[in-house]
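Have a look at run_2.tsv below; it lists TSV, C-alpha atoms and all ligand atoms.
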```
chain	number	residue	atom	x	y	z
M	1060	MET	CA	9.36	30.04	-55.12
M	1061	THR	CA	6.44	29.28	-57.41
M	1062	SER	CA	5.80	27.23	-60.50
M	1063	GLY	CA	2.98	26.05	-62.71
M	1064	ALA	CA	0.67	28.02	-64.96
M	1065	ALA	CA	-1.22	29.65	-62.11
M	1066	GLY	CA	1.98	30.52	-60.25
M	1067	GLN	CA	0.90	28.09	-57.55
M	1068	THR	CA	3.36	26.39	-55.24
M	1069	THR	CA	3.65	22.74	-56.26
M	1070	VAL	CA	4.21	20.26	-53.46
M	1071	GLY	CA	4.92	16.62	-54.26
M	1072	VAL	CA	3.77	13.95	-51.82
M	1073	LEU	CA	5.75	10.72	-52.02
M	1074	ALA	CA	3.00	8.24	-52.80
M	1075	LEU	CA	4.63	4.84	-52.33
M	1076	GLN	CA	2.85	3.86	-49.11
M	1077	GLY	CA	1.29	5.48	-46.08
M	1078	ASP	CA	-0.82	8.49	-45.35
M	1079	VAL	CA	-0.55	10.18	-48.74
M	1080	ARG	CA	-4.12	11.44	-49.01
M	1081	SER	CA	-4.15	13.44	-45.79
M	1082	HIS	CA	-1.03	15.32	-46.82
M	1083	LEU	CA	-2.48	16.04	-50.26
M	1084	ARG	CA	-5.59	17.38	-48.54
M	1085	ARG	CA	-3.57	19.67	-46.25
M	1086	VAL	CA	-1.59	20.98	-49.21
M	1087	ALA	CA	-4.83	21.75	-51.04
M	1088	ASP	CA	-6.26	23.40	-47.89
M	1089	LEU	CA	-3.35	25.84	-48.10
M	1090	GLY	CA	-4.06	26.71	-51.72
M	1091	ALA	CA	-1.00	24.90	-53.04
M	1092	ARG	CA	-0.98	22.20	-55.71
M	1093	GLY	CA	-0.35	18.69	-54.41
M	1094	VAL	CA	1.13	16.08	-56.72
M	1095	PRO	CA	1.45	12.38	-55.83
M	1096	VAL	CA	4.98	11.19	-56.66
M	1097	LYS	CA	5.61	7.52	-57.47
M	1098	ARG	CA	8.28	7.70	-60.14
M	1099	PRO	CA	11.49	9.72	-60.56
M	1100	ASP	CA	10.13	11.73	-63.54
M	1101	GLN	CA	7.33	13.05	-61.31
M	1102	LEU	CA	9.93	14.86	-59.21
M	1103	ALA	CA	10.48	17.40	-61.98
M	1104	GLY	CA	9.17	20.89	-61.33
M	1105	LEU	CA	8.37	20.44	-57.64
M	1106	ASP	CA	8.84	23.37	-55.27
M	1107	ALA	CA	8.81	21.04	-52.27
M	1108	LEU	CA	8.26	17.41	-51.28
M	1109	ILE	CA	6.47	15.71	-48.38
M	1110	VAL	CA	7.37	12.21	-47.23
M	1111	PRO	CA	4.33	10.85	-45.36
M	1112	GLY	CA	3.97	8.63	-42.35
M	1113	GLY	CA	3.41	4.94	-42.89
M	1114	GLU	CA	6.05	2.26	-42.65
M	1115	SER	CA	9.58	3.41	-43.36
M	1116	THR	CA	10.88	-0.07	-44.21
M	1117	THR	CA	8.20	-0.36	-46.92
M	1118	ILE	CA	8.69	3.19	-48.18
M	1119	SER	CA	12.43	2.56	-48.36
M	1120	MET	CA	12.00	-0.75	-50.16
M	1121	LEU	CA	9.63	0.76	-52.74
M	1122	ALA	CA	11.83	3.85	-53.17
M	1123	GLN	CA	14.75	1.54	-53.95
M	1124	ARG	CA	12.63	-0.52	-56.33
M	1125	TRP	CA	11.41	2.55	-58.25
M	1126	GLY	CA	14.81	4.21	-58.41
M	1127	LEU	CA	13.83	7.13	-56.21
M	1128	ILE	CA	16.61	7.09	-53.61
M	1129	GLU	CA	19.34	8.80	-55.62
M	1130	PRO	CA	17.10	11.36	-57.39
M	1131	VAL	CA	15.57	12.45	-54.07
M	1132	ARG	CA	19.01	12.61	-52.43
M	1133	GLU	CA	20.19	14.83	-55.25
M	1134	LEU	CA	17.21	17.18	-54.85
M	1135	ILE	CA	17.86	17.34	-51.11
M	1136	ARG	CA	21.51	18.20	-51.75
M	1137	GLY	CA	20.29	20.87	-54.16
M	1138	GLY	CA	18.18	22.48	-51.42
M	1139	LEU	CA	14.67	21.21	-52.18
M	1140	PRO	CA	12.47	21.79	-49.12
M	1141	VAL	CA	11.30	18.43	-47.78
M	1142	PHE	CA	8.97	17.71	-44.85
M	1143	GLY	CA	8.79	14.22	-43.38
M	1144	SER	CA	6.25	13.09	-40.78
M	1145	CYS	CA	6.86	9.96	-38.72
M	1146	ALA	CA	8.08	7.36	-41.25
M	1147	GLY	CA	8.96	10.44	-43.33
M	1148	MET	CA	11.16	11.66	-40.48
M	1149	ILE	CA	12.94	8.29	-40.52
M	1150	MET	CA	13.47	8.64	-44.29
M	1151	LEU	CA	15.14	12.03	-43.74
M	1152	ALA	CA	17.54	10.80	-41.05
M	1153	ASP	CA	21.20	10.29	-41.85
M	1154	THR	CA	21.24	7.41	-39.35
M	1155	VAL	CA	18.39	5.04	-38.42
M	1156	LEU	CA	18.45	2.81	-35.33
M	1157	ASP	CA	16.26	-0.31	-35.01
M	1158	GLY	CA	15.77	-0.31	-38.76
M	1159	ARG	CA	16.08	-3.24	-41.13
M	1160	ALA	CA	19.55	-3.99	-42.45
M	1161	ASP	CA	18.43	-3.19	-46.01
M	1162	GLN	CA	16.59	-0.01	-45.03
M	1163	LEU	CA	17.98	2.99	-46.91
M	1164	PRO	CA	16.85	6.46	-45.86
M	1165	PHE	CA	17.11	9.48	-48.15
M	1166	GLY	CA	19.00	11.19	-45.33
M	1167	GLY	CA	19.72	14.89	-45.30
M	1168	ILE	CA	19.17	15.72	-41.64
M	1169	ASP	CA	22.24	15.12	-39.50
M	1170	MET	CA	20.42	13.14	-36.83
M	1171	VAL	CA	20.12	9.68	-35.36
M	1172	VAL	CA	16.49	8.53	-35.29
M	1173	ARG	CA	15.23	5.47	-33.44
M	1174	ARG	CA	12.28	3.68	-35.02
M	1175	ASN	CA	9.26	2.74	-32.88
M	1176	ALA	CA	11.04	4.40	-29.97
M	1177	PHE	CA	7.99	5.48	-27.99
M	1178	GLY	CA	6.32	2.23	-28.99
M	1179	ARG	CA	8.35	0.31	-26.52
M	1180	GLN	CA	6.39	2.06	-23.80
M	1181	VAL	CA	3.08	2.68	-25.51
M	1182	ASP	CA	2.08	2.11	-29.12
M	1183	SER	CA	0.29	5.38	-29.80
M	1184	PHE	CA	-0.46	8.49	-27.80
M	1185	GLU	CA	-1.41	12.13	-28.07
M	1186	ALA	CA	0.30	15.10	-26.49
M	1187	ASP	CA	0.07	18.87	-26.57
M	1188	VAL	CA	3.28	20.04	-28.15
M	1189	GLU	CA	4.73	23.52	-28.40
M	1190	VAL	CA	6.61	23.92	-31.69
M	1191	ALA	CA	9.26	26.64	-31.89
M	1192	GLY	CA	8.53	29.15	-34.65
M	1193	ILE	CA	4.84	28.21	-34.78
M	1194	GLY	CA	2.61	30.55	-32.82
M	1195	GLY	CA	-0.90	30.04	-31.53
M	1196	GLY	CA	-0.15	27.82	-28.55
M	1197	PRO	CA	0.58	24.11	-28.23
M	1198	MET	CA	-0.80	21.77	-30.88
M	1199	ARG	CA	-2.42	18.40	-30.36
M	1200	ALA	CA	0.12	15.93	-31.73
M	1201	ILE	CA	-0.69	12.33	-32.61
M	1202	PHE	CA	2.10	9.77	-32.29
M	1203	ILE	CA	1.67	6.34	-33.88
M	1204	ARG	CA	4.55	3.88	-33.37
M	1205	ALA	CA	6.58	7.03	-33.57
M	1206	PRO	CA	10.33	7.48	-33.84
M	1207	TRP	CA	12.25	9.91	-31.71
M	1208	VAL	CA	15.39	11.82	-32.51
M	1209	GLU	CA	18.10	10.34	-30.36
M	1210	SER	CA	20.86	12.79	-31.22
M	1211	ILE	CA	21.53	15.66	-33.59
M	1212	GLY	CA	24.49	17.30	-35.31
M	1213	ASP	CA	25.44	20.96	-35.04
M	1214	GLY	CA	23.33	22.20	-37.94
M	1215	VAL	CA	20.07	20.78	-36.61
M	1216	GLU	CA	17.55	22.89	-34.73
M	1217	VAL	CA	15.15	21.22	-32.31
M	1218	LEU	CA	11.63	22.62	-32.70
M	1219	ALA	CA	9.75	20.43	-30.23
M	1220	ALA	CA	10.28	17.82	-27.52
M	1221	VAL	CA	8.12	15.44	-25.49
M	1222	ASP	CA	9.51	14.19	-22.19
M	1223	ASP	CA	12.97	15.43	-23.21
M	1224	ARG	CA	12.81	13.49	-26.48
M	1225	PHE	CA	13.11	15.53	-29.66
M	1226	VAL	CA	10.02	15.17	-31.87
M	1227	ALA	CA	10.39	18.01	-34.39
M	1228	VAL	CA	13.60	19.22	-36.00
M	1229	ARG	CA	14.78	21.36	-38.84
M	1230	GLN	CA	17.98	21.54	-40.82
M	1231	GLY	CA	18.18	24.03	-43.67
M	1232	ALA	CA	15.18	23.38	-45.91
M	1233	LEU	CA	14.38	20.04	-44.26
M	1234	LEU	CA	11.69	19.65	-41.61
M	1235	ALA	CA	10.73	16.48	-39.74
M	1236	THR	CA	8.17	15.59	-37.08
M	1237	SER	CA	7.71	12.33	-35.13
M	1238	PHE	CA	4.01	13.05	-35.07
M	1239	HIS	CA	1.30	13.35	-37.74
M	1240	PRO	CA	0.13	16.93	-38.29
M	1241	GLU	CA	-1.70	15.75	-41.42
M	1242	VAL	CA	-4.35	13.86	-39.44
M	1243	THR	CA	-5.60	16.68	-37.24
M	1244	GLY	CA	-7.43	19.71	-38.56
M	1245	ASP	CA	-4.51	21.86	-37.38
M	1246	LEU	CA	-2.82	23.23	-40.47
M	1247	ARG	CA	-0.02	25.07	-38.73
M	1248	VAL	CA	2.89	22.70	-39.46
M	1249	HIS	CA	1.98	22.49	-43.15
M	1250	GLN	CA	1.46	26.24	-43.19
M	1251	PHE	CA	4.92	26.74	-41.63
M	1252	PHE	CA	6.46	24.45	-44.25
M	1253	VAL	CA	4.67	25.91	-47.27
M	1254	ASP	CA	5.29	29.50	-46.11
M	1255	ARG	CA	9.01	28.81	-46.03
M	1256	VAL	CA	8.84	27.31	-49.52
M	1257	ARG	CA	7.01	30.36	-50.82
M	1258	HIS	CA	9.51	32.83	-49.40
M	1301	LIG	N1	7.00	2.79	-37.09
M	1301	LIG	C1	6.90	3.26	-38.44
M	1301	LIG	C2	8.19	3.08	-39.19
M	1301	LIG	O1	9.13	2.57	-38.73
M	1301	LIG	C3	6.48	4.71	-38.50
M	1301	LIG	C4	5.07	4.87	-38.02
M	1301	LIG	C5	4.33	5.96	-38.68
M	1301	LIG	O2	4.73	6.55	-39.69
M	1301	LIG	N2	3.16	6.23	-38.16
M	1301	LIG	O3	8.29	3.48	-40.29
```
Please lay out the structure from this file as structure tokens.
Amino acid sequence: MTSGAAGQTTVGVLALQGDVRSHLRRVADLGARGVPVKRPDQLAGLDALIVPGGESTTISMLAQRWGLIEPVRELIRGGLPVFGSCAGMIMLADTVLDGRADQLPFGGIDMVVRRNAFGRQVDSFEADVEVAGIGGGPMRAIFIRAPWVESIGDGVEVLAAVDDRFVAVRQGALLATSFHPEVTGDLRVHQFFVDRVRH
């Protein structure tokens, strides 16, 4: 799928809060066009969307304030490819544990995600993670007050786990990681996502 004058793939990055810039940089590294998205009208014409890491309660609150929840849900239902890292994973979960009562995810992935799950043991850590479907050996994964996927529905494929906890999953066009591939120089997760958008 392509769009834009140059036939470039256009990837929106939800720019309400969090690590927006690193994702925009990764998208540019892959030769795609990155567009910061703050308002519903900026969702038009996107080939894909990334929901960055940050703080899911804040992202949710701002998404509600700017009227983005329903438009993004509709695009997800329509099959828009969306990648969420960390807080972005939480935003893509149908069910969030240890969230705030007023926290509304976009949903889309039939999974139960627990916020700050690893954080109860250790705030942040790094691990070498093998991701199914991504060749080239394990990748260095950075976890920062990361969620884990506590359970999944039938349509969800687990792509990676750390200590038996699921940290990367996929359902249809939706991809989510507990870790932050945007902060390392390793482009493979973004490449995997953008390749699937292009084909
Ligand atoms: N703990 C954060 C949250 O609940 C996520 C942390 C992150 O994105 N690095 O949203």
Site check for ligand LIG 1301 (chain M): residues at most 9 Å away, all atoms listed in the file, as a ChimeraX atom specification: /M:1077-1078,1111-1118,1144-1150,1157-1158,1173-1176,1178,1183,1202-1206,1237-1239
Convert the current residue selection to file output with C-alpha atoms, as an mmCIF file, keeping the file's coordinate frame.
```cif
data_model
loop_
_atom_site.group_PDB
_atom_site.id
_atom_site.type_symbol
_atom_site.label_atom_id
_atom_site.label_comp_id
_atom_site.auth_asym_id
_atom_site.auth_seq_id
_atom_site.Cartn_x
_atom_site.Cartn_y
_atom_site.Cartn_z
ATOM 1 C CA GLY M 1077 1.290 5.480 -46.080
ATOM 2 C CA ASP M 1078 -0.820 8.490 -45.350
ATOM 3 C CA PRO M 1111 4.330 10.850 -45.360
ATOM 4 C CA GLY M 1112 3.970 8.630 -42.350
ATOM 5 C CA GLY M 1113 3.410 4.940 -42.890
ATOM 6 C CA GLU M 1114 6.050 2.260 -42.650
ATOM 7 C CA SER M 1115 9.580 3.410 -43.360
ATOM 8 C CA THR M 1116 10.880 -0.070 -44.210
ATOM 9 C CA THR M 1117 8.200 -0.360 -46.920
ATOM 10 C CA ILE M 1118 8.690 3.190 -48.180
ATOM 11 C CA SER M 1144 6.250 13.090 -40.780
ATOM 12 C CA CYS M 1145 6.860 9.960 -38.720
ATOM 13 C CA ALA M 1146 8.080 7.360 -41.250
ATOM 14 C CA GLY M 1147 8.960 10.440 -43.330
ATOM 15 C CA MET M 1148 11.160 11.660 -40.480
ATOM 16 C CA ILE M 1149 12.940 8.290 -40.520
ATOM 17 C CA MET M 1150 13.470 8.640 -44.290
ATOM 18 C CA ASP M 1157 16.260 -0.310 -35.010
ATOM 19 C CA GLY M 1158 15.770 -0.310 -38.760
ATOM 20 C CA ARG M 1173 15.230 5.470 -33.440
ATOM 21 C CA ARG M 1174 12.280 3.680 -35.020
ATOM 22 C CA ASN M 1175 9.260 2.740 -32.880
ATOM 23 C CA ALA M 1176 11.040 4.400 -29.970
ATOM 24 C CA GLY M 1178 6.320 2.230 -28.990
ATOM 25 C CA SER M 1183 0.290 5.380 -29.800
ATOM 26 C CA PHE M 1202 2.100 9.770 -32.290
ATOM 27 C CA ILE M 1203 1.670 6.340 -33.880
ATOM 28 C CA ARG M 1204 4.550 3.880 -33.370
ATOM 29 C CA ALA M 1205 6.580 7.030 -33.570
ATOM 30 C CA PRO M 1206 10.330 7.480 -33.840
ATOM 31 C CA SER M 1237 7.710 12.330 -35.130
ATOM 32 C CA PHE M 1238 4.010 13.050 -35.070
ATOM 33 C CA HIS M 1239 1.300 13.350 -37.740
#
```
Find the smallest box with edges along x, y and z containing every listed atom of region 1223-1238 of chain M, then add 5 Å on each side and report centre and edge lengths in Å to one decimal, as JSON.
```
{"center_x": 11.1, "center_y": 18.2, "center_z": -34.6, "size_x": 24.2, "size_y": 21.7, "size_z": 32.7}
```
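Proximity to Leu1163 (chain M) was assessed for M:Val1079, M:Val1208, M:Leu1121, M:Val1226 counting only C-alpha atoms; the smallest distance is recorded for M:Leu1121.
Reported to one decimal place, the separation of CA of Val1215 (chain M) from CA of Val1131 (chain M) is 19.9 Å.
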Distance cut-off 8 Å, centre (0.7, 20.4, -44.3) in file coordinates, counting all atoms listed in the file: which residues qualify? Return them as a PyMOL selection string. chain M and resi 1082+1085-1086+1089+1240-1241+1246-1250+1252-1253
Could you give me, as a list in words, the residues within 10 Å of Gly1192 (chain M), counting only C-alpha atoms and dropping anything in the same chain fewer than 4 positions from it? Leu1218, Ala1219, Val1248 and Phe1251 of chain M
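For the pair CA of Ala1235 (chain M) and CA of Leu1134 (chain M), the interatomic distance is 16.5 Å.
For the atom pair formed by CA of Val1181 (chain M) and CA of Thr1236 (chain M), the distance is 18.1 Å, given to one decimal.
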Find the spatial neighbours of Asp1187 (chain M), counting only C-alpha atoms, within a cut-off of 8 Å - ignore same-chain residues fewer than 3 positions away - and output them as an MDAnalysis selection string. chainID M and resid 1197:1200
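For the residues M:Ala1191, M:Ala1087, M:Ile1201, M:Leu1233, ranking by smallest atom-to-atom distance to Val1217 (chain M) using all atoms listed in the file places M:Ala1191 first.
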Go through region 1121-1162 of chain M and flag each residue having an atom no more than 12 Å from region 1099-1106 of chain M; for those, report the closest pair of atoms plus their distance in Å to one decimal, using all atoms listed in the file, ordered by chain and rising number, as JSON lines.
```
{"residue": "M:Ala1122", "atom": "CA", "partner": "M:Pro1099", "partner_atom": "CA", "distance": 9.4}
{"residue": "M:Gln1123", "atom": "CA", "partner": "M:Pro1099", "partner_atom": "CA", "distance": 11.0}
{"residue": "M:Arg1124", "atom": "CA", "partner": "M:Pro1099", "partner_atom": "CA", "distance": 11.1}
{"residue": "M:Trp1125", "atom": "CA", "partner": "M:Pro1099", "partner_atom": "CA", "distance": 7.5}
{"residue": "M:Gly1126", "atom": "CA", "partner": "M:Pro1099", "partner_atom": "CA", "distance": 6.8}
{"residue": "M:Leu1127", "atom": "CA", "partner": "M:Pro1099", "partner_atom": "CA", "distance": 5.6}
{"residue": "M:Ile1128", "atom": "CA", "partner": "M:Pro1099", "partner_atom": "CA", "distance": 9.0}
{"residue": "M:Glu1129", "atom": "CA", "partner": "M:Pro1099", "partner_atom": "CA", "distance": 9.3}
{"residue": "M:Pro1130", "atom": "CA", "partner": "M:Pro1099", "partner_atom": "CA", "distance": 6.6}
{"residue": "M:Val1131", "atom": "CA", "partner": "M:Leu1102", "partner_atom": "CA", "distance": 8.0}
{"residue": "M:Arg1132", "atom": "CA", "partner": "M:Pro1099", "partner_atom": "CA", "distance": 11.4}
{"residue": "M:Glu1133", "atom": "CA", "partner": "M:Leu1102", "partner_atom": "CA", "distance": 11.0}
{"residue": "M:Leu1134", "atom": "CA", "partner": "M:Leu1102", "partner_atom": "CA", "distance": 8.8}
{"residue": "M:Ile1135", "atom": "CA", "partner": "M:Leu1102", "partner_atom": "CA", "distance": 11.6}
{"residue": "M:Gly1137", "atom": "CA", "partner": "M:Asp1106", "partner_atom": "CA", "distance": 11.8}
{"residue": "M:Gly1138", "atom": "CA", "partner": "M:Asp1106", "partner_atom": "CA", "distance": 10.1}
{"residue": "M:Leu1139", "atom": "CA", "partner": "M:Asp1106", "partner_atom": "CA", "distance": 6.9}
{"residue": "M:Pro1140", "atom": "CA", "partner": "M:Asp1106", "partner_atom": "CA", "distance": 7.3}
{"residue": "M:Val1141", "atom": "CA", "partner": "M:Asp1106", "partner_atom": "CA", "distance": 9.3}
{"residue": "M:Phe1142", "atom": "CA", "partner": "M:Asp1106", "partner_atom": "CA", "distance": 11.9}
```
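Closest approach to Arg1080 (chain M) among M:Arg1159, M:Asp1182, M:Val1242, M:Gly1143: M:Val1242, based on all atoms listed in the file.
Each of M:Pro1164, M:Gly1244, M:Gly1093, M:Gly1212 was checked against Arg1229 (chain M) using only C-alpha atoms; the smallest atom-to-atom distance is that of M:Gly1212.
The closest residue to Thr1068 (chain M), picked from M:Val1110, M:Ala1091, M:Val1096, M:Leu1083 and counting all atoms listed in the file, is M:Ala1091.
Across M:Ile1193, M:Ala1232, M:Ile1211, M:Ala1186, the tightest approach to Ile1109 (chain M) is made by M:Ala1232 when counting only C-alpha atoms.
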